[in-house]
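> Quick one, work-v1.tsv (TSV, C-alpha atoms):
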chain	number	residue	atom	x	y	z
J	12	MET	CA	21.73	-9.77	-19.97
J	13	ALA	CA	18.00	-9.85	-20.71
J	14	LEU	CA	16.90	-11.26	-17.34
J	15	LEU	CA	19.06	-8.77	-15.49
J	16	GLU	CA	17.59	-5.89	-17.47
J	17	GLN	CA	14.08	-7.17	-16.82
J	18	LEU	CA	14.85	-7.26	-13.10
J	19	ILE	CA	16.24	-3.70	-13.10
J	20	ASP	CA	13.19	-2.54	-15.01
J	21	ALA	CA	10.78	-4.36	-12.68
J	22	LEU	CA	12.45	-2.91	-9.55
J	23	ARG	CA	11.50	0.56	-10.75
J	24	VAL	CA	7.86	-0.03	-9.78
J	25	LEU	CA	8.99	0.53	-6.19
J	26	PRO	CA	8.40	4.10	-5.00
J	27	GLY	CA	11.53	6.26	-4.99
J	28	VAL	CA	13.55	3.76	-7.04
J	29	GLY	CA	15.04	5.04	-10.30
J	30	GLN	CA	17.39	3.44	-12.83
J	31	LYS	CA	20.58	3.81	-10.76
J	32	THR	CA	19.07	2.54	-7.51
J	33	ALA	CA	17.35	-0.35	-9.31
J	34	GLN	CA	20.69	-1.34	-10.84
J	35	ARG	CA	22.42	-1.19	-7.46
J	36	MET	CA	19.64	-3.29	-5.90
J	37	ALA	CA	19.79	-5.93	-8.65
J	38	TYR	CA	23.59	-6.21	-8.49
J	39	GLN	CA	23.61	-6.34	-4.71
J	40	LEU	CA	21.05	-9.15	-4.62
J	41	LEU	CA	22.84	-11.14	-7.34
J	42	GLU	CA	26.27	-10.71	-5.77
J	43	ARG	CA	25.51	-10.99	-2.08
J	44	ASN	CA	22.04	-12.24	-1.28
J	45	ARG	CA	20.35	-14.56	-3.76
J	46	ASP	CA	18.45	-16.29	-0.98
J	47	GLY	CA	17.09	-12.94	0.20
J	48	GLY	CA	16.09	-12.17	-3.38
J	49	LYS	CA	14.23	-15.48	-3.69
J	50	ARG	CA	12.48	-14.90	-0.37
J	51	LEU	CA	11.44	-11.45	-1.57
J	52	ALA	CA	10.08	-12.94	-4.82
J	53	GLN	CA	7.96	-15.41	-2.88
J	54	ALA	CA	6.73	-12.83	-0.35
J	55	LEU	CA	5.76	-10.46	-3.20
J	56	GLU	CA	3.96	-13.17	-5.13
J	57	ALA	CA	2.02	-14.31	-2.06
J	58	ALA	CA	1.12	-10.80	-0.88
J	59	MET	CA	0.04	-9.54	-4.32
J	60	GLN	CA	-2.17	-12.62	-4.78
J	61	ARG	CA	-3.65	-13.05	-1.35
J	62	VAL	CA	-3.71	-9.76	0.59
J	63	GLY	CA	-7.11	-8.13	0.22
J	64	HIS	CA	-9.11	-5.71	2.33
J	65	CYS	CA	-10.92	-6.35	5.60
J	66	GLU	CA	-14.69	-6.32	4.99
J	67	ARG	CA	-15.32	-4.30	8.14
J	68	CYS	CA	-12.53	-1.71	8.31
J	69	ARG	CA	-11.04	-1.84	4.79
J	70	THR	CA	-7.43	-2.19	5.99
J	71	PHE	CA	-5.13	-4.73	4.31
J	72	SER	CA	-5.91	-8.28	5.41
J	73	GLU	CA	-5.45	-11.77	4.01
J	74	ASP	CA	-8.62	-12.92	5.82
J	75	PRO	CA	-12.11	-11.51	5.17
J	76	ILE	CA	-12.03	-9.87	8.62
J	77	CYS	CA	-8.71	-8.45	9.88
J	78	VAL	CA	-7.06	-9.38	13.18
J	79	ILE	CA	-8.12	-6.17	14.95
J	80	CYS	CA	-11.75	-6.29	13.81
J	81	ALA	CA	-11.92	-10.00	14.75
J	82	SER	CA	-10.39	-9.42	18.20
J	83	ALA	CA	-12.71	-9.78	21.18
J	84	GLY	CA	-10.46	-7.54	23.27
J	85	ARG	CA	-11.14	-4.30	21.36
J	86	GLU	CA	-13.71	-1.72	22.45
J	87	PRO	CA	-16.41	-1.47	19.71
J	88	SER	CA	-17.80	1.83	21.00
J	89	GLN	CA	-14.76	3.77	19.72
J	90	LEU	CA	-14.06	3.97	15.99
J	91	CYS	CA	-10.96	5.72	14.67
J	92	VAL	CA	-11.15	6.86	11.02
J	93	LEU	CA	-7.83	6.96	9.15
J	94	GLU	CA	-6.64	7.63	5.63
J	95	THR	CA	-4.22	4.73	5.16
J	96	PRO	CA	-3.18	1.39	6.68
J	97	ALA	CA	0.19	3.01	7.43
J	98	ASP	CA	-1.58	5.58	9.65
J	99	GLN	CA	-3.21	2.67	11.48
J	100	VAL	CA	0.19	1.07	12.13
J	101	ALA	CA	1.44	4.43	13.47
J	102	ILE	CA	-1.52	4.82	15.85
J	103	GLU	CA	-1.21	1.22	17.04
J	104	ALA	CA	2.51	1.68	17.71
J	105	ALA	CA	2.30	5.09	19.42
J	106	THR	CA	-0.89	5.03	21.46
J	107	GLY	CA	-2.66	2.64	23.79
J	108	TYR	CA	-5.87	2.90	21.75
J	109	ARG	CA	-8.05	-0.20	22.23
J	110	GLY	CA	-10.97	0.69	19.96
J	111	LEU	CA	-11.61	-0.25	16.34
J	112	TYR	CA	-10.58	1.39	13.05
J	113	PHE	CA	-12.06	2.39	9.74
J	114	VAL	CA	-9.59	3.00	6.91
J	115	LEU	CA	-10.70	5.31	4.10
J	116	LEU	CA	-7.86	4.34	1.72
J	117	GLY	CA	-7.67	7.97	0.61
J	118	ARG	CA	-9.32	11.29	1.33
J	119	LEU	CA	-12.20	13.19	-0.24
J	120	SER	CA	-10.95	14.65	-3.50
J	121	PRO	CA	-13.80	15.15	-5.98
J	122	LEU	CA	-11.43	16.38	-8.70
J	123	ASP	CA	-9.62	13.01	-8.62
J	124	GLY	CA	-12.93	11.13	-8.60
J	125	ARG	CA	-12.70	10.28	-4.91
J	126	GLY	CA	-16.13	10.88	-3.43
J	127	PRO	CA	-17.81	9.45	-0.32
J	128	ARG	CA	-18.58	6.16	-2.08
J	129	GLU	CA	-14.93	5.54	-3.07
J	130	LEU	CA	-13.91	6.03	0.58
J	131	GLY	CA	-16.55	3.54	1.77
J	132	LEU	CA	-18.43	6.23	3.66
J	133	ASP	CA	-21.77	4.54	2.84
J	134	ARG	CA	-20.50	1.51	4.75
J	135	LEU	CA	-19.29	3.76	7.57
J	136	ALA	CA	-22.75	5.38	7.74
J	137	GLU	CA	-24.39	1.95	8.02
J	138	ARG	CA	-22.04	1.10	10.84
J	139	LEU	CA	-22.82	4.35	12.70
J	140	ALA	CA	-26.56	3.67	12.17
J	141	GLN	CA	-26.20	0.33	14.00
J	142	GLY	CA	-25.71	2.32	17.20
J	143	GLU	CA	-22.74	0.46	18.66
J	144	VAL	CA	-20.26	3.27	17.98
J	145	ARG	CA	-20.32	6.09	20.59
J	146	GLU	CA	-17.24	8.07	19.59
J	147	LEU	CA	-15.88	8.64	16.09
J	148	ILE	CA	-12.21	9.61	16.37
J	149	ILE	CA	-11.33	11.50	13.20
J	150	ALA	CA	-7.62	11.01	12.44
J	151	THR	CA	-7.41	12.18	8.84
J	152	SER	CA	-4.29	14.15	7.98
J	153	ALA	CA	-3.92	17.87	8.67
J	154	THR	CA	-3.98	18.83	4.98
J	155	VAL	CA	-6.67	20.76	3.14
J	156	GLU	CA	-8.23	17.56	1.78
J	157	GLY	CA	-7.80	15.81	5.13
J	158	GLU	CA	-9.62	18.67	6.86
J	159	ALA	CA	-12.43	18.59	4.29
J	160	THR	CA	-12.76	14.86	4.88
J	161	ALA	CA	-12.78	15.44	8.63
J	162	HIS	CA	-15.56	18.01	8.23
J	163	TYR	CA	-17.64	15.55	6.20
J	164	LEU	CA	-17.06	12.80	8.79
J	165	ALA	CA	-18.07	15.12	11.65
J	166	GLN	CA	-21.34	15.89	9.88
J	167	LEU	CA	-21.94	12.18	9.30
J	168	ALA	CA	-21.37	11.50	13.00
J	169	ARG	CA	-23.73	14.29	14.04
J	170	LYS	CA	-26.44	12.89	11.73
J	171	HIS	CA	-26.23	9.56	13.56
J	172	GLY	CA	-25.97	11.10	17.01
J	173	VAL	CA	-22.37	9.90	17.48
J	174	ARG	CA	-19.85	12.07	19.31
J	175	ALA	CA	-16.99	13.09	16.97
J	176	SER	CA	-13.46	14.00	18.07
J	177	ARG	CA	-10.42	15.12	16.14
J	178	LEU	CA	-6.73	14.56	16.91
J	179	ALA	CA	-5.22	17.63	18.56
J	180	HIS	CA	-3.11	19.90	16.35
J	181	GLY	CA	-0.30	22.01	17.72
J	182	VAL	CA	3.36	22.20	18.59
J	183	PRO	CA	4.99	18.72	18.35
J	184	LEU	CA	6.59	17.44	21.56
J	185	GLY	CA	10.20	18.63	21.63
J	186	GLY	CA	9.43	21.24	18.96
J	187	GLU	CA	11.14	24.61	19.30
J	188	LEU	CA	8.81	27.48	18.43
J	189	GLU	CA	11.48	29.13	16.31
J	190	TYR	CA	11.49	26.26	13.82
J	191	ILE	CA	7.78	25.47	13.62
J	192	ASP	CA	5.90	26.47	10.46
J	193	ARG	CA	3.64	29.50	10.74
J	194	GLY	CA	0.39	27.62	10.13
J	195	THR	CA	1.00	25.18	12.97
J	196	LEU	CA	2.14	27.94	15.30
J	197	ALA	CA	-0.90	30.12	14.52
J	198	HIS	CA	-3.17	27.12	15.10
J	199	ALA	CA	-1.47	26.21	18.37
J	200	PHE	CA	-1.66	29.83	19.56
J	201	GLY	CA	-5.35	30.10	18.66
J	202	SER	CA	-6.14	26.76	20.33
J	203	ARG	CA	-4.32	27.54	23.59
J	204	HIS	CA	-5.96	26.08	26.65
J	205	ALA	CA	-6.07	27.03	30.28
J	206	VAL	CA	-3.43	25.48	32.52
J	207	GLU	CA	-5.25	23.88	35.40
J	208	SER	CA	-2.91	23.58	38.31
J	209	SER	CA	-5.47	22.07	40.67
J	210	ASP	CA	-6.19	18.84	38.78
J	211	PRO	CA	-3.03	17.26	37.27
J	212	THR	CA	-4.99	14.57	35.34
J	213	SER	CA	-7.27	16.83	33.32
J	214	SER	CA	-4.70	17.86	30.74
J	215	GLY	CA	-3.60	14.26	29.99
J	216	ALA	CA	-5.01	12.50	26.95
J	217	SER	CA	-7.63	9.87	27.62
J	218	GLN	CA	-7.58	6.70	25.55
E	27	MET	CA	-1.40	-9.30	8.43
E	28	ALA	CA	1.19	-12.07	8.37
E	29	LEU	CA	1.78	-11.99	4.59
E	30	LEU	CA	2.05	-8.22	4.62
E	31	GLU	CA	4.59	-8.34	7.44
E	32	GLN	CA	6.56	-11.01	5.60
E	33	LEU	CA	6.63	-8.77	2.53
E	34	ILE	CA	7.80	-5.73	4.53
E	35	ASP	CA	10.48	-7.86	6.14
E	36	ALA	CA	11.60	-9.35	2.81
E	37	LEU	CA	11.84	-5.90	1.16
E	38	ARG	CA	14.50	-4.96	3.70
E	39	VAL	CA	17.08	-7.13	1.89
E	40	LEU	CA	17.24	-4.33	-0.69
E	41	PRO	CA	20.15	-1.93	-0.09
E	42	GLY	CA	19.10	1.35	1.54
E	43	VAL	CA	15.63	0.08	2.46
E	44	GLY	CA	14.69	0.21	6.14
E	45	GLN	CA	11.45	-0.52	7.97
E	46	LYS	CA	9.66	2.71	6.98
E	47	THR	CA	10.62	2.55	3.31
E	48	ALA	CA	9.76	-1.15	3.11
E	49	GLN	CA	6.33	-0.42	4.57
E	50	ARG	CA	5.75	2.38	2.08
E	51	MET	CA	6.82	0.13	-0.80
E	52	ALA	CA	4.55	-2.71	0.30
E	53	TYR	CA	1.53	-0.43	0.75
E	54	GLN	CA	2.13	1.33	-2.55
E	55	LEU	CA	2.34	-1.95	-4.47
E	56	LEU	CA	-0.77	-3.36	-2.77
E	57	GLU	CA	-2.81	-0.20	-3.26
E	58	ARG	CA	-1.71	0.95	-6.69
E	59	ASN	CA	0.29	-1.59	-8.63
E	60	ARG	CA	-0.33	-5.27	-7.95
E	61	ASP	CA	0.54	-6.17	-11.53
E	62	GLY	CA	3.89	-4.40	-11.17
E	63	GLY	CA	4.45	-6.30	-7.92
E	64	LYS	CA	3.74	-9.63	-9.61
E	65	ARG	CA	6.05	-8.75	-12.49
E	66	LEU	CA	8.77	-7.88	-9.98
E	67	ALA	CA	8.25	-11.21	-8.19
E	68	GLN	CA	8.68	-13.12	-11.46
E	69	ALA	CA	11.69	-11.08	-12.57
E	70	LEU	CA	13.38	-11.60	-9.19
E	71	GLU	CA	12.69	-15.32	-9.18
E	72	ALA	CA	14.02	-15.75	-12.73
E	73	ALA	CA	17.12	-13.59	-12.20
E	74	MET	CA	18.08	-15.16	-8.86
E	75	GLN	CA	17.75	-18.66	-10.35
E	76	ARG	CA	19.26	-18.19	-13.77
E	77	VAL	CA	21.71	-15.28	-13.85
E	78	GLY	CA	25.24	-16.60	-13.38
E	79	HIS	CA	28.66	-15.33	-14.37
E	80	CYS	CA	30.25	-15.28	-17.82
E	81	GLU	CA	33.00	-17.91	-17.99
E	82	ARG	CA	35.33	-15.56	-19.82
E	83	CYS	CA	34.87	-12.13	-18.19
E	84	ARG	CA	33.00	-12.99	-14.94
E	85	THR	CA	30.28	-10.36	-15.47
E	86	PHE	CA	26.62	-11.29	-14.85
E	87	SER	CA	25.20	-13.40	-17.67
E	88	GLU	CA	22.43	-15.94	-18.08
E	89	ASP	CA	24.44	-17.74	-20.77
E	90	PRO	CA	27.84	-19.38	-20.15
E	91	ILE	CA	29.45	-16.66	-22.31
E	92	CYS	CA	28.08	-13.10	-22.07
E	93	VAL	CA	26.86	-11.04	-25.04
E	94	ILE	CA	30.00	-8.89	-25.19
E	95	CYS	CA	32.48	-11.79	-24.97
E	96	ALA	CA	30.45	-13.69	-27.60
E	97	SER	CA	30.31	-10.72	-29.97
E	98	ALA	CA	32.39	-10.95	-33.13
E	99	GLY	CA	32.49	-7.15	-33.40
E	100	ARG	CA	34.67	-6.52	-30.33
E	101	GLU	CA	38.41	-6.03	-30.49
E	102	PRO	CA	40.10	-8.89	-28.55
E	103	SER	CA	43.46	-7.11	-28.31
E	104	GLN	CA	42.12	-4.65	-25.70
E	105	LEU	CA	41.03	-5.89	-22.28
E	106	CYS	CA	39.54	-3.52	-19.72
E	107	VAL	CA	39.69	-4.71	-16.10
E	108	LEU	CA	36.90	-3.49	-13.82
E	109	GLU	CA	35.75	-4.04	-10.26
E	110	THR	CA	32.01	-4.53	-10.82
E	111	PRO	CA	29.43	-5.19	-13.55
E	112	ALA	CA	28.02	-1.71	-12.77
E	113	ASP	CA	31.38	-0.18	-13.74
E	114	GLN	CA	31.14	-2.10	-17.02
E	115	VAL	CA	27.69	-0.63	-17.71
E	116	ALA	CA	29.08	2.86	-17.00
E	117	ILE	CA	32.03	2.40	-19.41
E	118	GLU	CA	29.76	0.97	-22.12
E	119	ALA	CA	27.34	3.90	-21.74
E	120	ALA	CA	29.95	6.68	-21.62
E	121	THR	CA	32.71	5.64	-23.98
E	122	GLY	CA	33.00	4.19	-27.46
E	123	TYR	CA	35.22	1.37	-26.18
E	124	ARG	CA	35.03	-1.65	-28.50
E	125	GLY	CA	37.38	-4.04	-26.69
E	126	LEU	CA	36.61	-6.77	-24.17
E	127	TYR	CA	36.24	-6.72	-20.39
E	128	PHE	CA	37.35	-8.64	-17.33
E	129	VAL	CA	35.32	-8.10	-14.16
E	130	LEU	CA	37.09	-8.74	-10.85
E	131	LEU	CA	33.89	-8.69	-8.75
E	132	GLY	CA	35.80	-6.89	-6.01
E	133	ARG	CA	39.27	-5.54	-5.31
E	134	LEU	CA	42.33	-6.94	-3.59
E	135	SER	CA	41.68	-6.83	0.13
E	136	PRO	CA	43.66	-9.52	1.97
E	137	LEU	CA	42.12	-8.60	5.32
E	138	ASP	CA	38.66	-9.48	3.95
E	139	GLY	CA	39.99	-12.70	2.40
E	140	ARG	CA	39.99	-11.29	-1.14
E	141	GLY	CA	43.25	-12.36	-2.72
E	142	PRO	CA	44.22	-12.78	-6.40
E	143	ARG	CA	42.43	-16.12	-6.63
E	144	GLU	CA	39.07	-14.70	-5.41
E	145	LEU	CA	39.29	-11.99	-8.08
E	146	GLY	CA	39.95	-14.59	-10.80
E	147	LEU	CA	43.44	-13.22	-11.46
E	148	ASP	CA	44.73	-16.73	-12.20
E	149	ARG	CA	42.26	-16.87	-15.08
E	150	LEU	CA	43.27	-13.37	-16.18
E	151	ALA	CA	46.95	-14.48	-16.16
E	152	GLU	CA	46.07	-17.46	-18.38
E	153	ARG	CA	44.33	-15.15	-20.76
E	154	LEU	CA	47.29	-12.77	-20.93
E	155	ALA	CA	49.59	-15.77	-21.51
E	156	GLN	CA	47.58	-16.70	-24.63
E	157	GLY	CA	49.05	-13.61	-26.31
E	158	GLU	CA	45.89	-12.19	-27.88
E	159	VAL	CA	45.67	-9.23	-25.49
E	160	ARG	CA	47.97	-6.33	-26.34
E	161	GLU	CA	46.69	-3.64	-23.96
E	162	LEU	CA	45.36	-4.14	-20.43
E	163	ILE	CA	43.22	-1.10	-19.52
E	164	ILE	CA	43.14	-0.94	-15.72
E	165	ALA	CA	39.90	0.73	-14.63
E	166	THR	CA	39.79	-0.17	-10.95
E	167	SER	CA	38.50	2.58	-8.67
E	168	ALA	CA	40.65	5.42	-7.39
E	169	THR	CA	40.61	4.18	-3.78
E	170	VAL	CA	43.52	2.78	-1.78
E	171	GLU	CA	42.44	-0.82	-2.46
E	172	GLY	CA	41.64	-0.01	-6.09
E	173	GLU	CA	45.13	1.45	-6.53
E	174	ALA	CA	46.72	-1.60	-4.89
E	175	THR	CA	44.74	-3.81	-7.27
E	176	ALA	CA	45.85	-1.64	-10.20
E	177	HIS	CA	49.49	-2.01	-9.12
E	178	TYR	CA	49.13	-5.80	-8.98
E	179	LEU	CA	47.45	-5.85	-12.41
E	180	ALA	CA	50.21	-3.68	-13.92
E	181	GLN	CA	52.85	-6.13	-12.64
E	182	LEU	CA	50.87	-9.05	-14.06
E	183	ALA	CA	50.71	-7.30	-17.45
E	184	ARG	CA	54.45	-6.58	-17.41
E	185	LYS	CA	55.20	-10.26	-16.64
E	186	HIS	CA	53.29	-11.29	-19.77
E	187	GLY	CA	54.71	-8.50	-21.93
E	188	VAL	CA	51.35	-6.74	-22.23
E	189	ARG	CA	51.11	-2.95	-22.26
E	190	ALA	CA	49.13	-1.66	-19.24
E	191	SER	CA	47.24	1.63	-19.08
E	192	ARG	CA	45.26	3.28	-16.30
E	193	LEU	CA	42.26	5.64	-16.55
E	194	ALA	CA	43.37	9.25	-16.17
E	195	HIS	CA	42.76	10.89	-12.81
E	196	GLY	CA	42.21	14.63	-12.45
E	197	VAL	CA	39.71	17.43	-12.43
E	198	PRO	CA	36.25	16.22	-13.60
E	199	LEU	CA	34.83	17.99	-16.68
E	200	GLY	CA	32.86	21.01	-15.49
E	201	GLY	CA	34.55	20.82	-12.09
E	202	GLU	CA	35.42	24.11	-10.42
E	203	LEU	CA	38.80	24.01	-8.72
E	204	GLU	CA	37.42	25.66	-5.60
E	205	TYR	CA	35.15	22.69	-4.87
E	206	ILE	CA	37.43	19.80	-5.78
E	207	ASP	CA	38.87	17.70	-2.97
E	208	ARG	CA	42.55	18.28	-2.13
E	209	GLY	CA	43.71	14.80	-3.11
E	210	THR	CA	42.27	15.07	-6.61
E	211	LEU	CA	43.58	18.60	-7.05
E	212	ALA	CA	47.08	17.66	-5.89
E	213	HIS	CA	47.06	14.67	-8.27
E	214	ALA	CA	45.80	16.78	-11.19
E	215	PHE	CA	48.45	19.45	-10.47
E	216	GLY	CA	51.23	16.87	-10.26
E	217	SER	CA	50.07	15.13	-13.46
E	218	ARG	CA	49.78	18.34	-15.51
E	219	HIS	CA	50.71	17.90	-19.16
E	220	ALA	CA	52.07	20.20	-21.83
E	221	VAL	CA	49.53	21.99	-23.98
E	222	GLU	CA	50.41	21.22	-27.57
E	223	SER	CA	49.02	23.97	-29.75
E	224	SER	CA	50.41	22.60	-33.01
E	225	ASP	CA	48.56	19.27	-33.12
E	226	PRO	CA	44.94	19.51	-31.95
E	227	THR	CA	44.38	15.73	-32.04
E	228	SER	CA	47.16	14.66	-29.72
E	229	SER	CA	45.37	15.54	-26.49
E	230	GLY	CA	42.19	13.65	-27.40
E	231	ALA	CA	41.56	10.24	-25.84
E	232	SER	CA	41.96	7.28	-28.16
E	233	GLN	CA	39.43	4.50	-27.91
Please render this file's structure as structure tokens.

Amino acid sequence: MALLEQLIDALRVLPGVGQKTAQRMAYQLLERNRDGGKRLAQALEAAMQRVGHCERCRTFSEDPICVICASAGREPSQLCVLETPADQVAIEAATGYRGLYFVLLGRLSPLDGRGPRELGLDRLAERLAQGEVRELIIATSATVEGEATAHYLAQLARKHGVRASRLAHGVPLGGELEYIDRGTLAHAFGSRHAVESSDPTSSGASQ
Amino acid sequence: MALLEQLIDALRVLPGVGQKTAQRMAYQLLERNRDGGKRLAQALEAAMQRVGHCERCRTFSEDPICVICASAGREPSQLCVLETPADQVAIEAATGYRGLYFVLLGRLSPLDGRGPRELGLDRLAERLAQGEVRELIIATSATVEGEATAHYLAQLARKHGVRASRLAHGVPLGGELEYIDRGTLAHAFGSRHAVESSDPTSSGASQ
């Protein structure tokens, strides 16, 4: 059963997959879906070999420049800074944002050896210096390290005379106050804004 | 991002993996463990191509006869009938059983087109007819279909003059009565056995 054991062992590189799950996956593929298993092997091989990073925005891309950076239809004056490619997918799916992206592939964490250089912030600074970017939309996560990164990015933007904005924090849509964590609730309470009844468009989010 | 999307799509053949999990797996492999991803691709390819079924016991095996069936150290007079190769792994890990196995790869389920022939019961009958097997240990699951399969197997054993036994059902070790389901508790109550204080070995399980 050597090959089968190798497969079970190899499946455990997947996040959240332990011995039992790996075994179930291997048996399921062998019993019910060998073609799917072969397709997965080929897709893995190809992706691991050929998917690299976009030279402009650092997201995953098999070409030197990714589809979004290469697109003529995107607005180059807006640049949204994100931690991961997954965050980029979320923003693309949820919003109508038509600007460009810059993916840090992490957040500032000096203790783990992640400084500005590891996040490509030297390249981001060069890009801001070119003068095309007018607004830097900081969409790092709302964690301590994410906030520190956001602070650093805001300073970088100020240095280059670029307007910086940060995603709004507060009560999620549909959230009941009773069940929201205290930090979020305190933040939302502190950041309350005036309700303007005269102009219905002013409270909507602009792109 | 075509290769990346293909990978995310291909990962969804794994049981319990949806779009979000597949995305997380793909990103994690690309960011942190490309070597692990390549190893997984090779292991999958090799297993899907070369792992077949043992000609004697029907479990997964890359050779025509599996390691257990080929072993000279196993007792051929005991044959344990199981539903899946995973059940076989569980029995091997938990018990000191030294006999042989027969894996049904399913259970009797006429509505799904799984009759005796699909479970290899004709081959099992041949094997019982050869006279080497003295005890048929029926370890199908304790579900309705598993019980129906067990009933069929017991009849088959009787026809060939082979003693049939069934795994004991009852309260799991460490189980508190309060939390055990009613079916199990009713079965355990109905199957209660005398406590023999004179002979401490008689209540122990034999191999």
> Which chain J residues have any atom within 8 Å of an atom of chain E, and for each, what is the nearest pair of atoms with distance in Å to one decimal, counting all atoms listed in the file, rows sorted by chain and number, as a Markdown table?

| residue | atom | partner | partner_atom | distance |
| --- | --- | --- | --- | --- |
| J:Met12 | CA | E:Ser87 | CA | 5.5 |
| J:Ala13 | CA | E:Glu88 | CA | 8.0 |
| J:Leu14 | CA | E:Ala73 | CA | 5.6 |
| J:Leu15 | CA | E:Ala73 | CA | 6.1 |
| J:Gln17 | CA | E:Ala69 | CA | 6.3 |
| J:Leu18 | CA | E:Ala69 | CA | 5.0 |
| J:Ala21 | CA | E:Leu66 | CA | 4.9 |
| J:Leu22 | CA | E:Leu66 | CA | 6.2 |
| J:Val24 | CA | E:Gly62 | CA | 6.1 |
| J:Leu25 | CA | E:Met51 | CA | 5.8 |
| J:Pro26 | CA | E:Met51 | CA | 6.0 |
| J:Gln34 | CA | E:Ala112 | CA | 7.6 |
| J:Arg35 | CA | E:Ala112 | CA | 7.7 |
| J:Met36 | CA | E:Leu40 | CA | 5.8 |
| J:Tyr38 | CA | E:Ala112 | CA | 7.6 |
| J:Gln39 | CA | E:Pro41 | CA | 7.3 |
| J:Leu40 | CA | E:Leu40 | CA | 7.3 |
| J:Leu41 | CA | E:Met74 | CA | 6.4 |
| J:Asn44 | CA | E:Val39 | CA | 7.8 |
| J:Arg45 | CA | E:Met74 | CA | 5.6 |
| J:Asp46 | CA | E:Met74 | CA | 8.0 |
| J:Gly47 | CA | E:Val39 | CA | 6.1 |
| J:Gly48 | CA | E:Leu70 | CA | 6.4 |
| J:Lys49 | CA | E:Glu71 | CA | 5.7 |
| J:Arg50 | CA | E:Ala36 | CA | 6.5 |
| J:Leu51 | CA | E:Ala36 | CA | 4.9 |
| J:Ala52 | CA | E:Ala67 | CA | 4.2 |
| J:Gln53 | CA | E:Ala67 | CA | 6.8 |
| J:Ala54 | CA | E:Leu33 | CA | 5.0 |
| J:Leu55 | CA | E:Ala67 | CA | 5.6 |
| J:Glu56 | CA | E:Ala67 | CA | 5.6 |
| J:Ala57 | CA | E:Leu29 | CA | 7.0 |
| J:Ala58 | CA | E:Leu29 | CA | 5.6 |
| J:Met59 | CA | E:Arg60 | CA | 5.6 |
| J:Val62 | CA | E:Leu29 | CA | 7.1 |
| J:Phe71 | CA | E:Met27 | CA | 7.2 |
| J:Ser72 | CA | E:Met27 | CA | 5.5 |
| J:Glu73 | CA | E:Met27 | CA | 6.5 |
| J:Cys77 | CA | E:Met27 | CA | 7.5 |
| J:Val78 | CA | E:Met27 | CA | 7.4 |
| J:Pro96 | CA | E:Tyr53 | CA | 7.8 |
| J:Ala97 | CA | E:Gln49 | CA | 7.6 |
> Just the selected residues (C-alpha atoms), exported as a CSV table (one decimal), in the frame of the given file, please.

chain,number,residue,atom,x,y,z
J,12,MET,CA,21.7,-9.8,-20.0
J,13,ALA,CA,18.0,-9.8,-20.7
J,14,LEU,CA,16.9,-11.3,-17.3
J,15,LEU,CA,19.1,-8.8,-15.5
J,17,GLN,CA,14.1,-7.2,-16.8
J,18,LEU,CA,14.8,-7.3,-13.1
J,21,ALA,CA,10.8,-4.4,-12.7
J,22,LEU,CA,12.4,-2.9,-9.6
J,24,VAL,CA,7.9,0.0,-9.8
J,25,LEU,CA,9.0,0.5,-6.2
J,26,PRO,CA,8.4,4.1,-5.0
J,34,GLN,CA,20.7,-1.3,-10.8
J,35,ARG,CA,22.4,-1.2,-7.5
J,36,MET,CA,19.6,-3.3,-5.9
J,38,TYR,CA,23.6,-6.2,-8.5
J,39,GLN,CA,23.6,-6.3,-4.7
J,40,LEU,CA,21.0,-9.2,-4.6
J,41,LEU,CA,22.8,-11.1,-7.3
J,44,ASN,CA,22.0,-12.2,-1.3
J,45,ARG,CA,20.4,-14.6,-3.8
J,46,ASP,CA,18.4,-16.3,-1.0
J,47,GLY,CA,17.1,-12.9,0.2
J,48,GLY,CA,16.1,-12.2,-3.4
J,49,LYS,CA,14.2,-15.5,-3.7
J,50,ARG,CA,12.5,-14.9,-0.4
J,51,LEU,CA,11.4,-11.4,-1.6
J,52,ALA,CA,10.1,-12.9,-4.8
J,53,GLN,CA,8.0,-15.4,-2.9
J,54,ALA,CA,6.7,-12.8,-0.4
J,55,LEU,CA,5.8,-10.5,-3.2
J,56,GLU,CA,4.0,-13.2,-5.1
J,57,ALA,CA,2.0,-14.3,-2.1
J,58,ALA,CA,1.1,-10.8,-0.9
J,59,MET,CA,0.0,-9.5,-4.3
J,62,VAL,CA,-3.7,-9.8,0.6
J,71,PHE,CA,-5.1,-4.7,4.3
J,72,SER,CA,-5.9,-8.3,5.4
J,73,GLU,CA,-5.4,-11.8,4.0
J,77,CYS,CA,-8.7,-8.4,9.9
J,78,VAL,CA,-7.1,-9.4,13.2
J,96,PRO,CA,-3.2,1.4,6.7
J,97,ALA,CA,0.2,3.0,7.4
> Near segment 102-105 of chain E, within 12 Å and counting all atoms listed in the file, which residues show up once chain neighbours fewer than 5 positions away are dropped, as a ChimeraX atom specification?
/E:82-83,94-97,114,123-129,150,153-154,156-165,179,183,188-192,233
> Can you tell me, as JSON, the centre and edge lengths (Å, one decimal) of the axis-aligned box enclosing all of segment 120-139 of chain J's listed atoms after padding each side by 6 Å?

{"center_x": -17.0, "center_y": 8.7, "center_z": 2.0, "size_x": 26.8, "size_y": 27.3, "size_z": 33.4}
> Name the closest residue to Arg169 of chain J among the candidates J:Ala140, J:Gly185, J:Phe200, J:Leu119; distances are taken between atoms, counting all atoms listed in the file.
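Closest residue, counting all atoms listed in the file: J:Ala140.
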> Enter the distance from atom CA of Lys185 of chain E to atom CA of Ser217 of chain E, in Å, rounded to one decimal.
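Distance between the two atoms: 26.1 Å.
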